[in-house]
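Below is one structure, written out as structure tokens; the observations come after it.
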Amino acid sequence: DKFLLPVSLIFAGISIPISIHGIRQHLTNFWQPVLQVYVVRILWMVPVYAICSLCELAFSLAAIHGAPDMLKFASIPAALRDCYEAYTVLNFFYFMSTYLEVHFDAPPYKVLQNALRTEDVVPVTHTPIVTPDISYPIVSHPIMSPYVWAPWRLDTSDFFDQCRYVILLYATVAPLNGLVDVLGSLASSDDASVTAALLSPKNWLDFVQFNVANHAIYCLVLFYYATCKKSNILVPAEPFWKFVAVKGLVFGTFFQDLGISAYFLARPAKDPAVQSAIKATLMCVEMLLFALLHAWAFPAAQFGRVAEGWLGAWGDFYEVQRRERRLWRHRRVGRAPPGVGV
């Protein structure tokens, strides 16, 4: 275990400056703030993950080297990391919906209705028992029969509302699960029986979050399918690598933790802190890959200056504010503009 901390520090020390540089590039070229505010929140994911994983590793190593009570505190940074994961998924969905609203000047569900080609959207009549003689365009579920899971309607805001509801649910369940996880770890007992595991509210809430998280990711995939494969309305935003950068980090790390837990369940370690230390180290190593992927998927150059319209005026307003702050810091003349401490 003597190599875990140095390796984690090296990879985290490289990945965090890369992400901070990308955030700074967006903030110094804040020409489309209504979109870039979501991008900046997404880019903070790598620093948050890296710092939380380092803290989790520190607590785990302290538990390995003679302070077993420190392991219960490792759940605190892990819970914060899970909360920001849900927050990132929510911001990514709002980034996509805001992009549609800004560039097509209409609510996102209206944009979907107008953009989907007639040859791709076939009016479908539901089961006569459920809705007799009603036909409307839909977004169907690729892996589920319409008799099991009814398709989401496109003639109303049903499809967009369903996606937003599930993602908001995930963003609500994750902090609650994190809070229960922290409280359960701090008040944990030595009872490792199957009965205690079944009665533990933490395990049941973990199961709920597992299903809600998968449903939220599924809604993102379905939204991508409707906006990029069937209608191409998000193609100018170059969404593929953005989806990979967000879903890969969320989905990949989630199932990686699941696989490590299954491995140690089959082959228990002498010290339970070893499992937590390995998870945190792998997370720090992977942050370098995702920092580079975020830099590739969310470049500041993609959000150039808009010459006209309210979006351009908003970007010009932020530029004026930045210029005034710079002048005031150098000259200290006049009243300090908003956002500058005296």
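Labels used: A, B, ... for chains in the order of the structure tokens, numbers from 1 for residues in each chain, and numbers from 1 for ligands as shown.
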* Asked: as a ChimeraX atom specification, which residues of stretch 215-281 of chain A does DSSP assign to alpha helix (DSSP H)?
  -> /A:215-224,239-266,273-281
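For A:Asn232, the set of protein, DNA and RNA residues having any atom at most 9 Å away, when counting only C-alpha atoms and skipping those fewer than 4 positions along the same chain, is Ala115, Leu116, Ala226, Thr227, Cys228 and Pro236 of chain A.
Each of A:Ser185, A:Ser75, A:Asn177, A:Asn91 was checked against A:Trp204 using only C-alpha atoms; the smallest atom-to-atom distance is that of A:Asn177.
Distance check against A:Gln209 using only C-alpha atoms: of A:Glu286, A:Cys83, A:Phe93, A:Ala269, the minimum falls on A:Cys83.
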* To do: Find the spatial neighbours of A:Gly259, counting only C-alpha atoms, within a cut-off of 12 Å - ignore same-chain residues fewer than 6 positions away - and output them as a list of chain:residue names.
  => A:Gly252, A:Thr253, A:Leu265, A:Ala266, A:Gln275, A:Ile278, A:Lys279
Store the residues picked out above, limited to all heavy atoms, as a tab-separated table (two decimals), in the first residue's frame.
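Output (out_32.tsv):
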```
chain	number	residue	atom	x	y	z
A	252	GLY	N	-19.03	4.56	-15.76
A	252	GLY	CA	-17.83	3.73	-15.63
A	252	GLY	C	-17.38	3.59	-14.19
A	252	GLY	O	-17.10	2.48	-13.72
A	253	THR	N	-17.30	4.71	-13.47
A	253	THR	CA	-16.87	4.64	-12.08
A	253	THR	C	-17.89	3.91	-11.21
A	253	THR	O	-17.51	3.22	-10.25
A	253	THR	CB	-16.63	6.05	-11.52
A	253	THR	OG1	-17.83	6.84	-11.71
A	253	THR	CG2	-15.49	6.73	-12.26
A	265	LEU	N	-16.31	-9.18	-2.06
A	265	LEU	CA	-17.34	-10.00	-1.43
A	265	LEU	C	-17.02	-11.48	-1.63
A	265	LEU	O	-17.24	-12.30	-0.73
A	265	LEU	CB	-18.71	-9.66	-2.03
A	265	LEU	CG	-19.92	-10.35	-1.41
A	265	LEU	CD1	-20.08	-9.93	0.06
A	265	LEU	CD2	-21.18	-10.03	-2.20
A	266	ALA	N	-16.49	-11.81	-2.82
A	266	ALA	CA	-16.10	-13.20	-3.09
A	266	ALA	C	-14.79	-13.57	-2.40
A	266	ALA	O	-14.62	-14.70	-1.95
A	266	ALA	CB	-15.99	-13.42	-4.60
A	275	GLN	N	-10.22	-2.32	0.45
A	275	GLN	CA	-11.18	-2.12	-0.64
A	275	GLN	C	-11.40	-0.64	-0.92
A	275	GLN	O	-11.39	-0.20	-2.07
A	275	GLN	CB	-12.51	-2.79	-0.29
A	275	GLN	CG	-13.61	-2.58	-1.31
A	275	GLN	CD	-14.91	-3.25	-0.91
A	275	GLN	OE1	-14.92	-4.16	-0.08
A	275	GLN	NE2	-16.00	-2.82	-1.49
A	278	ILE	N	-8.26	0.93	-2.62
A	278	ILE	CA	-8.10	0.58	-4.04
A	278	ILE	C	-9.10	1.38	-4.89
A	278	ILE	O	-8.75	1.88	-5.97
A	278	ILE	CB	-8.29	-0.93	-4.23
A	278	ILE	CG1	-7.12	-1.69	-3.59
A	278	ILE	CG2	-8.40	-1.29	-5.70
A	278	ILE	CD1	-7.24	-3.18	-3.65
A	279	LYS	N	-10.35	1.51	-4.42
A	279	LYS	CA	-11.34	2.30	-5.15
A	279	LYS	C	-10.88	3.73	-5.33
A	279	LYS	O	-10.95	4.30	-6.43
A	279	LYS	CB	-12.67	2.28	-4.40
A	279	LYS	CG	-13.46	0.99	-4.51
A	279	LYS	CD	-14.78	1.14	-3.77
A	279	LYS	CE	-15.61	-0.12	-3.86
A	279	LYS	NZ	-16.90	0.03	-3.13
```
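Residue nearest A:Asn203, chosen from A:Asp181, A:Lys110, A:His26, A:Pro268 and counting only C-alpha atoms: A:Asp181.
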* Taking only C-alpha atoms into account, which of A:Trp296, A:Ser15, A:Tyr263, A:Phe207 comes nearest A:Ala245? -> A:Trp296
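Note that the spacing between atom CA of A:Thr172 and atom CA of A:Gln32 amounts to 28.2 Å.
The smallest atom-to-atom distance between A:Leu249 and any of A:Leu289, A:Val173, A:Val7, A:Cys219, using only C-alpha atoms, is found for A:Leu289.
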* Using only C-alpha atoms, determine which residues lie at most 7 Å from A:Ala300, disregarding the query and same-chain residues fewer than 2 positions distant; provide the list as a PyMOL selection string. => chain A and resi 25-26+29+298+302-303
Spatial neighbours of A:Ala174, max dist 9 Å, only C-alpha atoms, sep filter under 3 positions, as a CSV table (one decimal) with all heavy atoms, in the first residue's frame:
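Just written: out_21.csv:
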```csv
chain,number,residue,atom,x,y,z
A,79,ALA,N,-19.5,10.3,-0.2
A,79,ALA,CA,-20.9,10.8,-0.3
A,79,ALA,C,-20.9,12.1,-1.1
A,79,ALA,O,-21.8,12.4,-1.9
A,79,ALA,CB,-21.5,11.0,1.1
A,82,ASP,N,-20.5,11.4,-4.7
A,82,ASP,CA,-21.8,10.9,-5.3
A,82,ASP,C,-22.8,12.0,-5.5
A,82,ASP,O,-23.5,12.0,-6.5
A,82,ASP,CB,-22.4,9.8,-4.4
A,82,ASP,CG,-21.5,8.5,-4.4
A,82,ASP,OD1,-20.7,8.3,-5.3
A,82,ASP,OD2,-21.7,7.7,-3.5
A,83,CYS,N,-22.8,12.9,-4.6
A,83,CYS,CA,-23.8,14.1,-4.8
A,83,CYS,C,-23.4,14.9,-6.0
A,83,CYS,O,-24.3,15.3,-6.7
A,83,CYS,CB,-23.7,14.9,-3.5
A,83,CYS,SG,-24.5,14.1,-2.1
A,84,TYR,N,-22.1,15.1,-6.2
A,84,TYR,CA,-21.7,16.0,-7.3
A,84,TYR,C,-21.9,15.2,-8.6
A,84,TYR,O,-22.1,15.8,-9.7
A,84,TYR,CB,-20.2,16.4,-7.2
A,84,TYR,CG,-20.0,17.7,-8.0
A,84,TYR,CD1,-20.2,18.9,-7.5
A,84,TYR,CD2,-19.5,17.6,-9.3
A,84,TYR,CE1,-20.0,20.1,-8.2
A,84,TYR,CE2,-19.3,18.7,-10.1
A,84,TYR,CZ,-19.6,19.9,-9.5
A,84,TYR,OH,-19.4,21.1,-10.3
A,85,GLU,N,-21.8,13.9,-8.6
A,85,GLU,CA,-22.1,13.1,-9.7
A,85,GLU,C,-23.5,13.3,-10.2
A,85,GLU,O,-23.8,13.6,-11.4
A,85,GLU,CB,-21.9,11.6,-9.4
A,85,GLU,CG,-22.3,10.6,-10.5
A,85,GLU,CD,-22.2,9.2,-10.0
A,85,GLU,OE1,-21.0,8.8,-9.7
A,85,GLU,OE2,-23.2,8.5,-10.0
A,86,ALA,N,-24.5,13.3,-9.3
A,86,ALA,CA,-25.9,13.5,-9.6
A,86,ALA,C,-26.1,14.9,-10.1
A,86,ALA,O,-26.8,15.2,-11.1
A,86,ALA,CB,-26.8,13.2,-8.4
A,87,TYR,N,-25.4,15.9,-9.5
A,87,TYR,CA,-25.5,17.3,-9.9
A,87,TYR,C,-24.9,17.5,-11.3
A,87,TYR,O,-25.5,18.3,-12.1
A,87,TYR,CB,-24.7,18.1,-8.9
A,87,TYR,CG,-24.7,19.6,-9.1
A,87,TYR,CD1,-25.9,20.3,-9.0
A,87,TYR,CD2,-23.5,20.3,-9.4
A,87,TYR,CE1,-25.9,21.7,-9.2
A,87,TYR,CE2,-23.6,21.7,-9.6
A,87,TYR,CZ,-24.7,22.4,-9.5
A,87,TYR,OH,-24.8,23.7,-9.7
A,169,LEU,N,-35.2,13.5,-9.9
A,169,LEU,CA,-35.3,12.5,-8.9
A,169,LEU,C,-34.0,12.0,-8.4
A,169,LEU,O,-33.7,11.8,-7.3
A,169,LEU,CB,-36.2,11.4,-9.3
A,169,LEU,CG,-36.5,10.2,-8.3
A,169,LEU,CD1,-37.2,10.8,-7.1
A,169,LEU,CD2,-37.3,9.1,-9.0
A,170,TYR,N,-33.1,11.7,-9.4
A,170,TYR,CA,-31.8,11.2,-9.1
A,170,TYR,C,-31.0,12.3,-8.3
A,170,TYR,O,-30.3,11.9,-7.4
A,170,TYR,CB,-31.1,10.9,-10.4
A,170,TYR,CG,-29.6,10.5,-10.3
A,170,TYR,CD1,-29.2,9.6,-9.3
A,170,TYR,CD2,-28.7,10.9,-11.2
A,170,TYR,CE1,-27.9,9.2,-9.2
A,170,TYR,CE2,-27.3,10.5,-11.1
A,170,TYR,CZ,-27.0,9.7,-10.1
A,170,TYR,OH,-25.7,9.3,-9.9
A,171,ALA,N,-31.1,13.5,-8.7
A,171,ALA,CA,-30.4,14.6,-8.0
A,171,ALA,C,-30.9,14.8,-6.6
A,171,ALA,O,-30.2,15.4,-5.8
A,171,ALA,CB,-30.5,15.9,-8.8
A,177,ASN,N,-29.3,9.7,0.0
A,177,ASN,CA,-28.5,8.5,0.2
A,177,ASN,C,-27.1,8.7,0.8
A,177,ASN,O,-26.6,8.0,1.7
A,177,ASN,CB,-28.4,7.8,-1.2
A,177,ASN,CG,-27.7,6.4,-1.0
A,177,ASN,OD1,-28.1,5.6,-0.2
A,177,ASN,ND2,-26.7,6.2,-1.8
A,178,GLY,N,-26.5,9.8,0.4
A,178,GLY,CA,-25.2,10.2,1.0
A,178,GLY,C,-25.3,10.5,2.4
A,178,GLY,O,-24.4,10.1,3.2
A,179,LEU,N,-26.4,11.2,2.8
A,179,LEU,CA,-26.5,11.5,4.2
A,179,LEU,C,-26.8,10.2,5.1
A,179,LEU,O,-26.1,10.1,6.1
A,179,LEU,CB,-27.8,12.4,4.4
A,179,LEU,CG,-28.1,12.8,5.8
A,179,LEU,CD1,-27.0,13.6,6.5
A,179,LEU,CD2,-29.4,13.7,5.9
A,209,GLN,N,-31.1,4.0,-5.1
A,209,GLN,CA,-30.3,4.9,-5.9
A,209,GLN,C,-29.7,4.2,-7.1
A,209,GLN,O,-29.6,4.8,-8.1
A,209,GLN,CB,-29.2,5.5,-5.0
A,209,GLN,CG,-28.3,6.5,-5.8
A,209,GLN,CD,-27.2,7.1,-5.0
A,209,GLN,OE1,-27.2,7.0,-3.8
A,209,GLN,NE2,-26.3,7.8,-5.6
A,213,ALA,N,-30.4,5.9,-10.6
A,213,ALA,CA,-29.3,6.3,-11.4
A,213,ALA,C,-29.3,5.7,-12.8
A,213,ALA,O,-29.1,6.3,-13.8
A,213,ALA,CB,-28.0,6.0,-10.7
```
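In terms of minimum interatomic distance to A:Gly22, A:Ala295 ranks closest within A:Ala295, A:Met45, A:Ala262, A:Ala78, counting only C-alpha atoms.
Across the model, the gap from atom CA of A:Glu101 to atom CA of A:Arg164 is 14.8 Å.
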